[in-house]
4 protein chains.
Amino acid sequence: MTTVATTFHVRYAETDAMGIVHHSAYIIWFEEGRSTFMRAIGFPYSRVEESGYYFTVTEVHARFLVPARYDERIRVETRIDELKSRGLTFAYRVLRDADDTLLVEGYSRHVCIDHQGQVRRIPPHLMDVLQRAMGSLMT
Amino acid sequence: MTTVATTFHVRYAETDAMGIVHHSAYIIWFEEGRSTFMRAIGFPYSRVEESGYYFTVTEVHARFLVPARYDERIRVETRIDELKSRGLTFAYRVLRDADDTLLVEGYSRHVCIDHQGQVRRIPPHLMDVLQRAMGSLMT
Amino acid sequence: MTTVATTFHVRYAETDAMGIVHHSAYIIWFEEGRSTFMRAIGFPYSRVEESGYYFTVTEVHARFLVPARYDERIRVETRIDELKSRGLTFAYRVLRDADDTLLVEGYSRHVCIDHQGQVRRIPPHLMDVLQRAMGSLMT
Amino acid sequence: MTTVATTFHVRYAETDAMGIVHHSAYIIWFEEGRSTFMRAIGFPYSRVEESGYYFTVTEVHARFLVPARYDERIRVETRIDELKSRGLTFAYRVLRDADDTLLVEGYSRHVCIDHQGQVRRIPPHLMDVLQRAMGSLMT
């Protein structure tokens, strides 16, 4: 299974009055995780859009275990959890990089649509790349 | 059941390059929904914090059905879905106010903690107010 | 002079670890101010875009005087400060609505471009509406 | 002069319905720039706060020259522009890393306050570090 990790520091703007990272920031970090994932497997999401498709978000879920704080180094680990002809699910683990503490885990479901908003099959050349990323699961 | 509605316009900053509202914005609108809910039942969340407690978010889930767009009037309907001694769950429906189209639905789970981060029972005076908001379910 | 006011409550997501509203939130509130302004003068910005134009932001400035806090009611007062054939400047005052304390003041400069990004004259029907909003300055 | 550069990719959440990065995102990137600056000179801003101080933002200014787009690699160059006993000014240049195109430039002014909000002199050990970062200007 291809799992792609990306690291970055918590931004001050991502904290809230509780002194911790606001829960909505992790949803954006999930997205950062899948952007890095797509770049890493050789098909950046910007290219998906240039090809005429979007992976629109149909569902998102997150469980918050331990809060992150300003300036901590964060690691997001992203993998494809499910791949279908017209969509896919990404799974995420957000960790404090210093000590590997699991902070948040979650997933997001996506449907492949064209620029008119119609549901479409994931085009073959992109599906190949995604399957290879999944397939490495079995090797 | 007490359901509290709040309305506002989509902000341009909440849109993304797909021309629609970014999915993370709905998570913040959920929060706006429960802020309005708490204010409406007479115990603003700012007072919860002044009393020494937080309702920390432990889980969030959203299903995205129809996209919202800039300047549309949005209505968020919020209610308490479950109330326990140490936490509660809010449920949300996000609608396009003009035609009542359901755009997004979801929930968030919360645990009552004190300012040291320890899980605590919801204090009695606040529990009374929350139960009354739930109780109207039965009347 | 037409000054348009809009009010809303501070969102928890807009606060930061200092316990106050993050300075970037005011930039988004400025935008909220000019969205309300355009709606109030009868030419919503969504209509500007439908007409084939954008008011792209070329400059923004803000001075932060007093911090806002979660759940406070905020009032943004917006007016056109300067109107030219190819652009305009909006000026903003952000106040705590409860006691009229001035929190932040600032401005944003905009240039009228078409959807290809070319600088264009503000179209006559829109210019009329904007001039009337300015002109009330002199009456 | 010590200029510290930091690079990252544009997040999808930072784009707007114009298809470009929303102007408020650059204000957060400025902050990312000064976080990296403080870390690079050996006095992370998290340590400033632990020492009992904040660099509260009193003013921000940005000029937007060329828009950034999703997934582009961005470089923020940050330096101290002015250093006084009770505050300082950071200056920023935001560039498209691929071809060094200058996208945005701006500054932010800060005052040193304690946790009670009182204006204070920058403490000597921190001032030393900041002066050294400035001083390299002359070498």
# chains A, B, ... in the order shown; residues from 1 in each chain; ligands from 1
>>> residues_around(residues="B:Ile113", least_positions_apart="3", cutoff="6 Å", atoms="only C-alpha atoms", output="number ranges by chain")
B: 53-54, 117-120
>>> write_last_selection(atoms="N, CA, C and O atoms", output="PDB file, in the first residue's frame")
ATOM      1  N   TYR B  53     -15.423  25.628  31.570  1.00  0.00           N
ATOM      2  CA  TYR B  53     -15.560  24.405  30.780  1.00  0.00           C
ATOM      3  C   TYR B  53     -15.374  24.677  29.290  1.00  0.00           C
ATOM      4  O   TYR B  53     -15.540  25.802  28.822  1.00  0.00           O
ATOM      5  N   TYR B  54     -15.046  23.615  28.583  1.00  0.00           N
ATOM      6  CA  TYR B  54     -15.048  23.617  27.112  1.00  0.00           C
ATOM      7  C   TYR B  54     -15.882  22.429  26.642  1.00  0.00           C
ATOM      8  O   TYR B  54     -15.888  21.381  27.308  1.00  0.00           O
ATOM      9  N   GLY B 117      -8.100  20.365  30.852  1.00  0.00           N
ATOM     10  CA  GLY B 117      -8.234  19.293  29.869  1.00  0.00           C
ATOM     11  C   GLY B 117      -8.819  18.003  30.437  1.00  0.00           C
ATOM     12  O   GLY B 117      -8.892  16.998  29.725  1.00  0.00           O
ATOM     13  N   GLN B 118      -9.248  18.025  31.699  1.00  0.00           N
ATOM     14  CA  GLN B 118      -9.839  16.825  32.307  1.00  0.00           C
ATOM     15  C   GLN B 118     -11.309  16.707  31.928  1.00  0.00           C
ATOM     16  O   GLN B 118     -12.045  17.701  31.957  1.00  0.00           O
ATOM     17  N   VAL B 119     -11.736  15.485  31.608  1.00  0.00           N
ATOM     18  CA  VAL B 119     -13.155  15.242  31.315  1.00  0.00           C
ATOM     19  C   VAL B 119     -13.970  15.476  32.578  1.00  0.00           C
ATOM     20  O   VAL B 119     -13.585  15.031  33.663  1.00  0.00           O
ATOM     21  N   ARG B 120     -15.071  16.185  32.446  1.00  0.00           N
ATOM     22  CA  ARG B 120     -15.908  16.543  33.593  1.00  0.00           C
ATOM     23  C   ARG B 120     -17.381  16.342  33.289  1.00  0.00           C
ATOM     24  O   ARG B 120     -17.777  16.348  32.123  1.00  0.00           O
TER      25      ARG B 120
END
>>> interface_residues(of="chain D", to="chain C", cutoff="10 Å", atoms="only C-alpha atoms", output="number ranges by chain")
D: 18, 22-28, 31, 49, 54, 56-67, 104-109, 115
>>> atom_distance(atom1="atom CA of D:Ile74", atom2="atom CA of C:Ala13")
25.2 Å
>>> select_by_dssp(residues="stretch 28-124 of chain B", states="strand (DSSP E)", output="compact mmCIF listing (two decimals) with all heavy atoms, in the first residue's frame")
# COMPACT_ATOMS: atom_id res chain seq x y z
N TYR B 53 -15.42 25.63 31.57
CA TYR B 53 -15.56 24.40 30.78
C TYR B 53 -15.37 24.68 29.29
O TYR B 53 -15.54 25.80 28.82
CB TYR B 53 -16.95 23.78 31.01
CG TYR B 53 -17.18 23.43 32.44
CD1 TYR B 53 -17.79 24.34 33.31
CD2 TYR B 53 -16.78 22.20 32.96
CE1 TYR B 53 -17.98 24.03 34.65
CE2 TYR B 53 -16.97 21.87 34.30
CZ TYR B 53 -17.57 22.80 35.14
OH TYR B 53 -17.74 22.49 36.46
N TYR B 54 -15.05 23.61 28.58
CA TYR B 54 -15.05 23.62 27.11
C TYR B 54 -15.88 22.43 26.64
O TYR B 54 -15.89 21.38 27.31
CB TYR B 54 -13.64 23.42 26.56
CG TYR B 54 -12.64 24.52 26.79
CD1 TYR B 54 -11.47 24.27 27.50
CD2 TYR B 54 -12.83 25.79 26.26
CE1 TYR B 54 -10.51 25.26 27.69
CE2 TYR B 54 -11.87 26.79 26.46
CZ TYR B 54 -10.72 26.52 27.17
OH TYR B 54 -9.78 27.50 27.35
N PHE B 55 -16.52 22.56 25.51
CA PHE B 55 -17.10 21.41 24.81
C PHE B 55 -16.13 21.06 23.68
O PHE B 55 -16.31 21.49 22.55
CB PHE B 55 -18.47 21.75 24.22
CG PHE B 55 -19.59 21.84 25.21
CD1 PHE B 55 -20.79 22.48 24.87
CD2 PHE B 55 -19.48 21.30 26.49
CE1 PHE B 55 -21.84 22.55 25.76
CE2 PHE B 55 -20.54 21.38 27.41
CZ PHE B 55 -21.72 22.01 27.04
N THR B 56 -15.11 20.30 24.00
CA THR B 56 -14.11 20.03 22.99
C THR B 56 -14.68 19.07 21.93
O THR B 56 -15.49 18.20 22.25
CB THR B 56 -12.81 19.47 23.64
OG1 THR B 56 -11.78 19.50 22.68
CG2 THR B 56 -13.00 18.07 24.18
N VAL B 57 -14.27 19.24 20.69
CA VAL B 57 -14.80 18.44 19.59
C VAL B 57 -14.04 17.12 19.52
O VAL B 57 -12.81 17.11 19.43
CB VAL B 57 -14.65 19.18 18.25
CG1 VAL B 57 -15.30 18.37 17.12
CG2 VAL B 57 -15.27 20.57 18.32
N THR B 58 -14.75 16.00 19.56
CA THR B 58 -14.08 14.69 19.48
C THR B 58 -14.33 14.01 18.14
O THR B 58 -13.62 13.08 17.79
CB THR B 58 -14.57 13.76 20.60
OG1 THR B 58 -16.00 13.64 20.50
CG2 THR B 58 -14.20 14.32 21.98
N GLU B 59 -15.33 14.47 17.41
CA GLU B 59 -15.65 13.81 16.14
C GLU B 59 -16.49 14.77 15.31
O GLU B 59 -17.30 15.52 15.85
CB GLU B 59 -16.45 12.53 16.43
CG GLU B 59 -16.61 11.60 15.26
CD GLU B 59 -17.42 10.35 15.63
OE1 GLU B 59 -17.38 9.92 16.81
OE2 GLU B 59 -18.14 9.84 14.76
N VAL B 60 -16.29 14.72 14.02
CA VAL B 60 -17.15 15.50 13.13
C VAL B 60 -17.40 14.70 11.87
O VAL B 60 -16.53 13.93 11.42
CB VAL B 60 -16.54 16.89 12.82
CG1 VAL B 60 -15.37 16.79 11.86
CG2 VAL B 60 -17.58 17.84 12.29
N HIS B 61 -18.59 14.81 11.34
CA HIS B 61 -18.95 14.09 10.12
C HIS B 61 -19.85 14.98 9.28
O HIS B 61 -20.72 15.68 9.80
CB HIS B 61 -19.70 12.79 10.47
CG HIS B 61 -20.04 11.98 9.26
ND1 HIS B 61 -21.26 12.04 8.64
CD2 HIS B 61 -19.29 11.12 8.53
CE1 HIS B 61 -21.24 11.23 7.58
NE2 HIS B 61 -20.07 10.67 7.50
N ALA B 62 -19.62 14.95 7.96
CA ALA B 62 -20.46 15.74 7.05
C ALA B 62 -20.66 14.98 5.75
O ALA B 62 -19.74 14.32 5.26
CB ALA B 62 -19.81 17.09 6.77
N ARG B 63 -21.89 15.05 5.24
CA ARG B 63 -22.19 14.53 3.90
C ARG B 63 -22.57 15.72 3.03
O ARG B 63 -23.43 16.52 3.40
CB ARG B 63 -23.36 13.54 3.96
CG ARG B 63 -22.92 12.19 4.51
CD ARG B 63 -23.88 11.07 4.07
NE ARG B 63 -25.25 11.49 4.17
CZ ARG B 63 -26.15 11.34 3.19
NH1 ARG B 63 -25.83 10.77 2.05
NH2 ARG B 63 -27.40 11.74 3.38
N PHE B 64 -21.93 15.81 1.87
CA PHE B 64 -22.09 16.95 0.97
C PHE B 64 -22.98 16.55 -0.19
O PHE B 64 -22.61 15.69 -0.98
CB PHE B 64 -20.72 17.41 0.48
CG PHE B 64 -19.77 17.70 1.61
CD1 PHE B 64 -18.87 16.72 2.05
CD2 PHE B 64 -19.79 18.93 2.26
CE1 PHE B 64 -18.01 16.99 3.10
CE2 PHE B 64 -18.92 19.18 3.32
CZ PHE B 64 -18.04 18.22 3.73
N ARG B 73 -27.89 32.86 0.28
CA ARG B 73 -28.28 32.92 1.69
C ARG B 73 -28.39 31.48 2.17
O ARG B 73 -29.09 30.65 1.59
CB ARG B 73 -29.62 33.63 1.83
CG ARG B 73 -29.94 34.01 3.26
CD ARG B 73 -31.18 34.90 3.32
NE ARG B 73 -31.49 35.26 4.68
CZ ARG B 73 -30.88 36.21 5.37
NH1 ARG B 73 -29.92 36.91 4.80
NH2 ARG B 73 -31.21 36.46 6.63
N ILE B 74 -27.67 31.21 3.26
CA ILE B 74 -27.57 29.86 3.82
C ILE B 74 -28.36 29.81 5.12
O ILE B 74 -28.37 30.78 5.88
CB ILE B 74 -26.09 29.53 4.09
CG1 ILE B 74 -25.28 29.55 2.78
CG2 ILE B 74 -25.93 28.19 4.82
CD1 ILE B 74 -25.74 28.55 1.75
N ARG B 75 -28.98 28.66 5.38
CA ARG B 75 -29.65 28.47 6.68
C ARG B 75 -29.08 27.21 7.32
O ARG B 75 -29.03 26.16 6.67
CB ARG B 75 -31.16 28.32 6.48
CG ARG B 75 -31.94 28.35 7.80
CD ARG B 75 -33.43 28.47 7.57
NE ARG B 75 -34.06 27.21 7.27
CZ ARG B 75 -34.66 26.89 6.10
NH1 ARG B 75 -34.70 27.75 5.10
NH2 ARG B 75 -35.21 25.71 5.93
N VAL B 76 -28.60 27.35 8.53
CA VAL B 76 -28.11 26.19 9.27
C VAL B 76 -29.12 25.89 10.38
O VAL B 76 -29.44 26.77 11.18
CB VAL B 76 -26.72 26.44 9.89
CG1 VAL B 76 -26.25 25.20 10.66
CG2 VAL B 76 -25.72 26.81 8.82
N GLU B 77 -29.63 24.66 10.40
CA GLU B 77 -30.55 24.22 11.45
C GLU B 77 -29.80 23.29 12.39
O GLU B 77 -29.23 22.28 11.95
CB GLU B 77 -31.75 23.50 10.83
CG GLU B 77 -32.59 24.42 9.95
CD GLU B 77 -33.74 23.71 9.27
OE1 GLU B 77 -33.80 22.45 9.37
OE2 GLU B 77 -34.58 24.39 8.65
N THR B 78 -29.81 23.62 13.67
CA THR B 78 -29.01 22.89 14.66
C THR B 78 -29.91 22.37 15.77
O THR B 78 -30.82 23.06 16.21
CB THR B 78 -27.96 23.85 15.27
OG1 THR B 78 -27.19 24.43 14.23
CG2 THR B 78 -27.05 23.10 16.25
N ARG B 79 -29.64 21.15 16.19
CA ARG B 79 -30.34 20.59 17.34
C ARG B 79 -29.39 19.68 18.10
O ARG B 79 -28.36 19.25 17.57
CB ARG B 79 -31.59 19.83 16.91
CG ARG B 79 -31.32 18.68 16.00
CD ARG B 79 -32.59 18.02 15.50
NE ARG B 79 -32.23 16.98 14.54
CZ ARG B 79 -31.79 15.77 14.88
NH1 ARG B 79 -31.67 15.42 16.16
NH2 ARG B 79 -31.45 14.89 13.95
N ILE B 80 -29.74 19.38 19.36
CA ILE B 80 -28.97 18.41 20.12
C ILE B 80 -29.51 17.03 19.77
O ILE B 80 -30.72 16.79 19.85
CB ILE B 80 -29.10 18.65 21.64
CG1 ILE B 80 -28.56 20.04 21.98
CG2 ILE B 80 -28.33 17.59 22.42
CD1 ILE B 80 -28.67 20.38 23.46
N ASP B 81 -28.60 16.15 19.40
CA ASP B 81 -29.01 14.82 18.97
C ASP B 81 -28.90 13.81 20.10
O ASP B 81 -29.64 12.83 20.16
CB ASP B 81 -28.11 14.37 17.81
CG ASP B 81 -28.70 13.21 17.05
OD1 ASP B 81 -29.92 13.28 16.74
OD2 ASP B 81 -27.98 12.24 16.77
N GLU B 82 -27.96 14.06 21.01
CA GLU B 82 -27.74 13.13 22.11
C GLU B 82 -27.11 13.93 23.25
O GLU B 82 -26.25 14.77 23.02
CB GLU B 82 -26.77 12.01 21.68
CG GLU B 82 -26.67 10.89 22.68
CD GLU B 82 -25.64 9.83 22.27
OE1 GLU B 82 -24.65 10.19 21.60
OE2 GLU B 82 -25.84 8.66 22.61
N LEU B 83 -27.57 13.64 24.48
CA LEU B 83 -27.05 14.37 25.65
C LEU B 83 -26.68 13.36 26.72
O LEU B 83 -27.51 12.54 27.11
CB LEU B 83 -28.14 15.34 26.14
CG LEU B 83 -27.79 16.22 27.35
CD1 LEU B 83 -26.59 17.10 27.09
CD2 LEU B 83 -29.01 17.07 27.72
N LYS B 84 -25.43 13.41 27.13
CA LYS B 84 -24.97 12.51 28.18
C LYS B 84 -24.34 13.32 29.31
O LYS B 84 -24.16 14.53 29.19
CB LYS B 84 -23.96 11.52 27.59
CG LYS B 84 -24.60 10.64 26.49
CD LYS B 84 -23.92 9.30 26.33
CE LYS B 84 -22.78 9.38 25.35
NZ LYS B 84 -22.34 8.02 24.90
N GLY B 87 -21.01 14.71 27.91
CA GLY B 87 -20.85 15.18 26.54
C GLY B 87 -22.16 15.24 25.79
O GLY B 87 -23.22 14.90 26.33
N LEU B 88 -22.07 15.68 24.56
CA LEU B 88 -23.29 15.80 23.76
C LEU B 88 -22.96 15.78 22.27
O LEU B 88 -21.80 15.93 21.88
CB LEU B 88 -24.08 17.05 24.12
CG LEU B 88 -23.58 18.44 23.68
CD1 LEU B 88 -24.63 19.49 24.00
CD2 LEU B 88 -22.26 18.79 24.33
N THR B 89 -23.98 15.51 21.47
CA THR B 89 -23.84 15.49 20.02
C THR B 89 -24.81 16.50 19.42
O THR B 89 -25.99 16.51 19.78
CB THR B 89 -24.16 14.08 19.47
OG1 THR B 89 -23.29 13.14 20.09
CG2 THR B 89 -23.97 14.03 17.96
N PHE B 90 -24.30 17.33 18.54
CA PHE B 90 -25.14 18.25 17.78
C PHE B 90 -25.35 17.70 16.37
O PHE B 90 -24.41 17.12 15.79
CB PHE B 90 -24.49 19.63 17.65
CG PHE B 90 -24.50 20.45 18.91
CD1 PHE B 90 -23.38 20.50 19.73
CD2 PHE B 90 -25.62 21.19 19.26
CE1 PHE B 90 -23.39 21.28 20.90
CE2 PHE B 90 -25.63 21.97 20.42
CZ PHE B 90 -24.51 22.00 21.25
N ALA B 91 -26.55 17.89 15.83
CA ALA B 91 -26.83 17.51 14.44
C ALA B 91 -27.16 18.77 13.66
O ALA B 91 -27.78 19.70 14.19
CB ALA B 91 -27.98 16.52 14.38
N TYR B 92 -26.75 18.80 12.39
CA TYR B 92 -26.88 20.00 11.56
C TYR B 92 -27.48 19.67 10.20
O TYR B 92 -27.18 18.61 9.64
CB TYR B 92 -25.50 20.63 11.29
CG TYR B 92 -24.65 20.76 12.51
CD1 TYR B 92 -23.75 19.75 12.86
CD2 TYR B 92 -24.73 21.88 13.34
CE1 TYR B 92 -22.96 19.85 13.99
CE2 TYR B 92 -23.94 21.98 14.47
CZ TYR B 92 -23.07 20.97 14.79
OH TYR B 92 -22.28 21.07 15.91
N ARG B 93 -28.28 20.58 9.71
CA ARG B 93 -28.71 20.58 8.33
C ARG B 93 -28.39 21.95 7.75
O ARG B 93 -28.76 22.97 8.34
CB ARG B 93 -30.22 20.33 8.23
CG ARG B 93 -30.62 18.87 8.48
CD ARG B 93 -32.10 18.68 8.82
NE ARG B 93 -32.97 19.55 8.09
CZ ARG B 93 -33.62 19.21 6.94
NH1 ARG B 93 -33.49 18.00 6.43
NH2 ARG B 93 -34.41 20.07 6.35
N VAL B 94 -27.70 21.97 6.63
CA VAL B 94 -27.36 23.23 5.96
C VAL B 94 -28.20 23.32 4.70
O VAL B 94 -28.17 22.40 3.87
CB VAL B 94 -25.86 23.29 5.60
CG1 VAL B 94 -25.52 24.59 4.89
CG2 VAL B 94 -25.00 23.12 6.86
N LEU B 95 -28.97 24.38 4.58
CA LEU B 95 -29.89 24.52 3.45
C LEU B 95 -29.65 25.82 2.69
O LEU B 95 -29.20 26.81 3.27
CB LEU B 95 -31.34 24.51 3.94
CG LEU B 95 -31.73 23.29 4.78
CD1 LEU B 95 -31.86 23.66 6.25
CD2 LEU B 95 -33.02 22.69 4.26
N ARG B 96 -29.97 25.80 1.39
CA ARG B 96 -30.05 27.03 0.62
C ARG B 96 -31.39 27.67 1.01
O ARG B 96 -32.44 27.07 0.81
CB ARG B 96 -30.00 26.71 -0.87
CG ARG B 96 -29.76 27.93 -1.76
CD ARG B 96 -30.05 27.64 -3.21
NE ARG B 96 -29.13 26.68 -3.80
CZ ARG B 96 -29.48 25.66 -4.60
NH1 ARG B 96 -30.74 25.46 -4.93
NH2 ARG B 96 -28.58 24.84 -5.07
N THR B 101 -33.36 23.84 -0.39
CA THR B 101 -32.56 22.69 -0.83
C THR B 101 -31.59 22.29 0.27
O THR B 101 -30.85 23.14 0.78
CB THR B 101 -31.75 23.06 -2.10
OG1 THR B 101 -32.65 23.48 -3.11
CG2 THR B 101 -30.93 21.86 -2.60
N LEU B 102 -31.59 21.00 0.60
CA LEU B 102 -30.64 20.50 1.59
C LEU B 102 -29.28 20.36 0.92
O LEU B 102 -29.12 19.64 -0.07
CB LEU B 102 -31.11 19.14 2.13
CG LEU B 102 -30.20 18.50 3.19
CD1 LEU B 102 -30.10 19.37 4.44
CD2 LEU B 102 -30.69 17.10 3.54
N LEU B 103 -28.28 21.05 1.47
CA LEU B 103 -26.95 21.06 0.87
C LEU B 103 -26.02 20.06 1.56
O LEU B 103 -25.32 19.29 0.91
CB LEU B 103 -26.34 22.46 0.95
CG LEU B 103 -27.17 23.62 0.40
CD1 LEU B 103 -26.45 24.95 0.63
CD2 LEU B 103 -27.47 23.43 -1.09
N VAL B 104 -26.02 20.13 2.88
CA VAL B 104 -25.08 19.32 3.66
C VAL B 104 -25.76 18.91 4.95
O VAL B 104 -26.56 19.67 5.50
CB VAL B 104 -23.81 20.15 4.00
CG1 VAL B 104 -22.88 19.39 4.95
CG2 VAL B 104 -23.05 20.52 2.72
N GLU B 105 -25.47 17.71 5.42
CA GLU B 105 -25.91 17.36 6.77
C GLU B 105 -24.75 16.71 7.51
O GLU B 105 -23.85 16.13 6.88
CB GLU B 105 -27.14 16.45 6.75
CG GLU B 105 -27.06 15.25 5.86
CD GLU B 105 -28.38 14.47 5.79
OE1 GLU B 105 -29.40 14.94 6.31
OE2 GLU B 105 -28.36 13.37 5.20
N GLY B 106 -24.78 16.82 8.84
CA GLY B 106 -23.67 16.28 9.60
C GLY B 106 -23.91 16.36 11.08
O GLY B 106 -24.99 16.75 11.53
N TYR B 107 -22.90 15.95 11.82
CA TYR B 107 -22.98 16.02 13.28
C TYR B 107 -21.59 16.28 13.84
O TYR B 107 -20.58 16.09 13.14
CB TYR B 107 -23.58 14.73 13.86
CG TYR B 107 -22.75 13.49 13.63
CD1 TYR B 107 -21.65 13.20 14.43
CD2 TYR B 107 -23.05 12.60 12.60
CE1 TYR B 107 -20.88 12.06 14.22
CE2 TYR B 107 -22.29 11.46 12.37
CZ TYR B 107 -21.20 11.21 13.19
OH TYR B 107 -20.44 10.09 12.97
N SER B 108 -21.57 16.71 15.07
CA SER B 108 -20.30 16.84 15.80
C SER B 108 -20.51 16.33 17.23
O SER B 108 -21.54 16.58 17.83
CB SER B 108 -19.82 18.30 15.82
OG SER B 108 -20.75 19.15 16.46
N ARG B 109 -19.53 15.58 17.72
CA ARG B 109 -19.57 15.07 19.10
C ARG B 109 -18.63 15.90 19.96
O ARG B 109 -17.55 16.29 19.50
CB ARG B 109 -19.13 13.60 19.15
CG ARG B 109 -20.07 12.65 18.46
CD ARG B 109 -19.73 11.19 18.78
NE ARG B 109 -20.37 10.31 17.83
CZ ARG B 109 -21.67 9.99 17.86
NH1 ARG B 109 -22.46 10.49 18.80
NH2 ARG B 109 -22.18 9.19 16.94
N HIS B 110 -19.03 16.10 21.20
CA HIS B 110 -18.27 16.95 22.11
C HIS B 110 -18.18 16.31 23.47
O HIS B 110 -19.12 15.66 23.93
CB HIS B 110 -18.96 18.31 22.25
CG HIS B 110 -19.16 19.00 20.94
ND1 HIS B 110 -18.33 19.97 20.47
CD2 HIS B 110 -20.09 18.80 19.97
CE1 HIS B 110 -18.74 20.36 19.27
NE2 HIS B 110 -19.81 19.67 18.94
N VAL B 111 -17.05 16.52 24.12
CA VAL B 111 -16.88 16.09 25.50
C VAL B 111 -16.66 17.33 26.35
O VAL B 111 -16.00 18.28 25.92
CB VAL B 111 -15.69 15.10 25.61
CG1 VAL B 111 -15.21 14.96 27.05
CG2 VAL B 111 -16.09 13.75 25.05
N CYS B 112 -17.24 17.31 27.54
CA CYS B 112 -17.08 18.44 28.46
C CYS B 112 -15.76 18.28 29.22
O CYS B 112 -15.55 17.28 29.90
CB CYS B 112 -18.26 18.46 29.44
SG CYS B 112 -18.22 19.88 30.56
N ILE B 113 -14.88 19.25 29.06
CA ILE B 113 -13.60 19.22 29.79
C ILE B 113 -13.45 20.53 30.57
O ILE B 113 -14.11 21.53 30.26
CB ILE B 113 -12.39 19.03 28.85
CG1 ILE B 113 -12.30 20.16 27.80
CG2 ILE B 113 -12.43 17.67 28.16
CD1 ILE B 113 -11.00 20.17 27.01
N ASP B 114 -12.56 20.51 31.58
CA ASP B 114 -12.26 21.77 32.26
C ASP B 114 -11.02 22.39 31.61
O ASP B 114 -10.49 21.86 30.63
CB ASP B 114 -12.07 21.53 33.77
CG ASP B 114 -10.94 20.56 34.09
OD1 ASP B 114 -9.99 20.45 33.27
OD2 ASP B 114 -11.00 19.91 35.14
>>> closest_residue(among="D:Arg132, D:Glu32, D:Arg86, D:Thr3", to="D:Pro44", atoms="only C-alpha atoms")
D:Glu32
>>> residues_around(residues="A:Thr36", least_positions_apart="2", cutoff="9 Å", atoms="only C-alpha atoms", output="count of residues only")
14
>>> atom_distance(atom1="atom CA of C:Arg69", atom2="atom CA of A:Ala68")
21.7 Å
>>> atom_distance(atom1="atom CA of A:Val10", atom2="atom CA of A:Asp71")
4.8 Å
>>> select_by_dssp(residues="stretch 37-84 of chain B", states="helix (DSSP H, G or I)", output="VMD selection string")
chain B and resid 37 to 40 45 to 50
>>> write_last_selection(atoms="N, CA, C and O atoms", output="compact mmCIF listing (two decimals), in the first residue's frame")
# COMPACT_ATOMS: atom_id res chain seq x y z
N PHE B 37 -27.26 28.22 18.50
CA PHE B 37 -28.10 27.35 19.33
C PHE B 37 -27.93 27.68 20.80
O PHE B 37 -28.91 27.89 21.53
N MET B 38 -26.69 27.75 21.26
CA MET B 38 -26.41 28.00 22.67
C MET B 38 -26.92 29.39 23.08
O MET B 38 -27.48 29.56 24.17
N ARG B 39 -26.72 30.36 22.19
CA ARG B 39 -27.21 31.71 22.47
C ARG B 39 -28.74 31.69 22.59
O ARG B 39 -29.30 32.30 23.50
N ALA B 40 -29.38 30.93 21.70
CA ALA B 40 -30.84 30.90 21.65
C ALA B 40 -31.45 30.23 22.88
O ALA B 40 -32.54 30.61 23.33
N TYR B 45 -22.14 29.97 24.43
CA TYR B 45 -20.95 29.15 24.65
C TYR B 45 -19.83 29.97 25.32
O TYR B 45 -19.02 29.42 26.06
N SER B 46 -19.81 31.27 25.10
CA SER B 46 -18.81 32.11 25.78
C SER B 46 -19.01 31.98 27.30
O SER B 46 -18.04 32.02 28.06
N ARG B 47 -20.26 31.80 27.75
CA ARG B 47 -20.53 31.63 29.18
C ARG B 47 -20.09 30.25 29.66
O ARG B 47 -19.64 30.10 30.80
N VAL B 48 -20.22 29.25 28.79
CA VAL B 48 -19.71 27.92 29.14
C VAL B 48 -18.22 28.03 29.48
O VAL B 48 -17.76 27.54 30.52
N GLU B 49 -17.48 28.74 28.62
CA GLU B 49 -16.04 28.89 28.85
C GLU B 49 -15.74 29.71 30.10
O GLU B 49 -14.82 29.40 30.85
N GLU B 50 -16.53 30.76 30.31
CA GLU B 50 -16.34 31.58 31.53
C GLU B 50 -16.60 30.76 32.79
O GLU B 50 -16.03 31.03 33.84
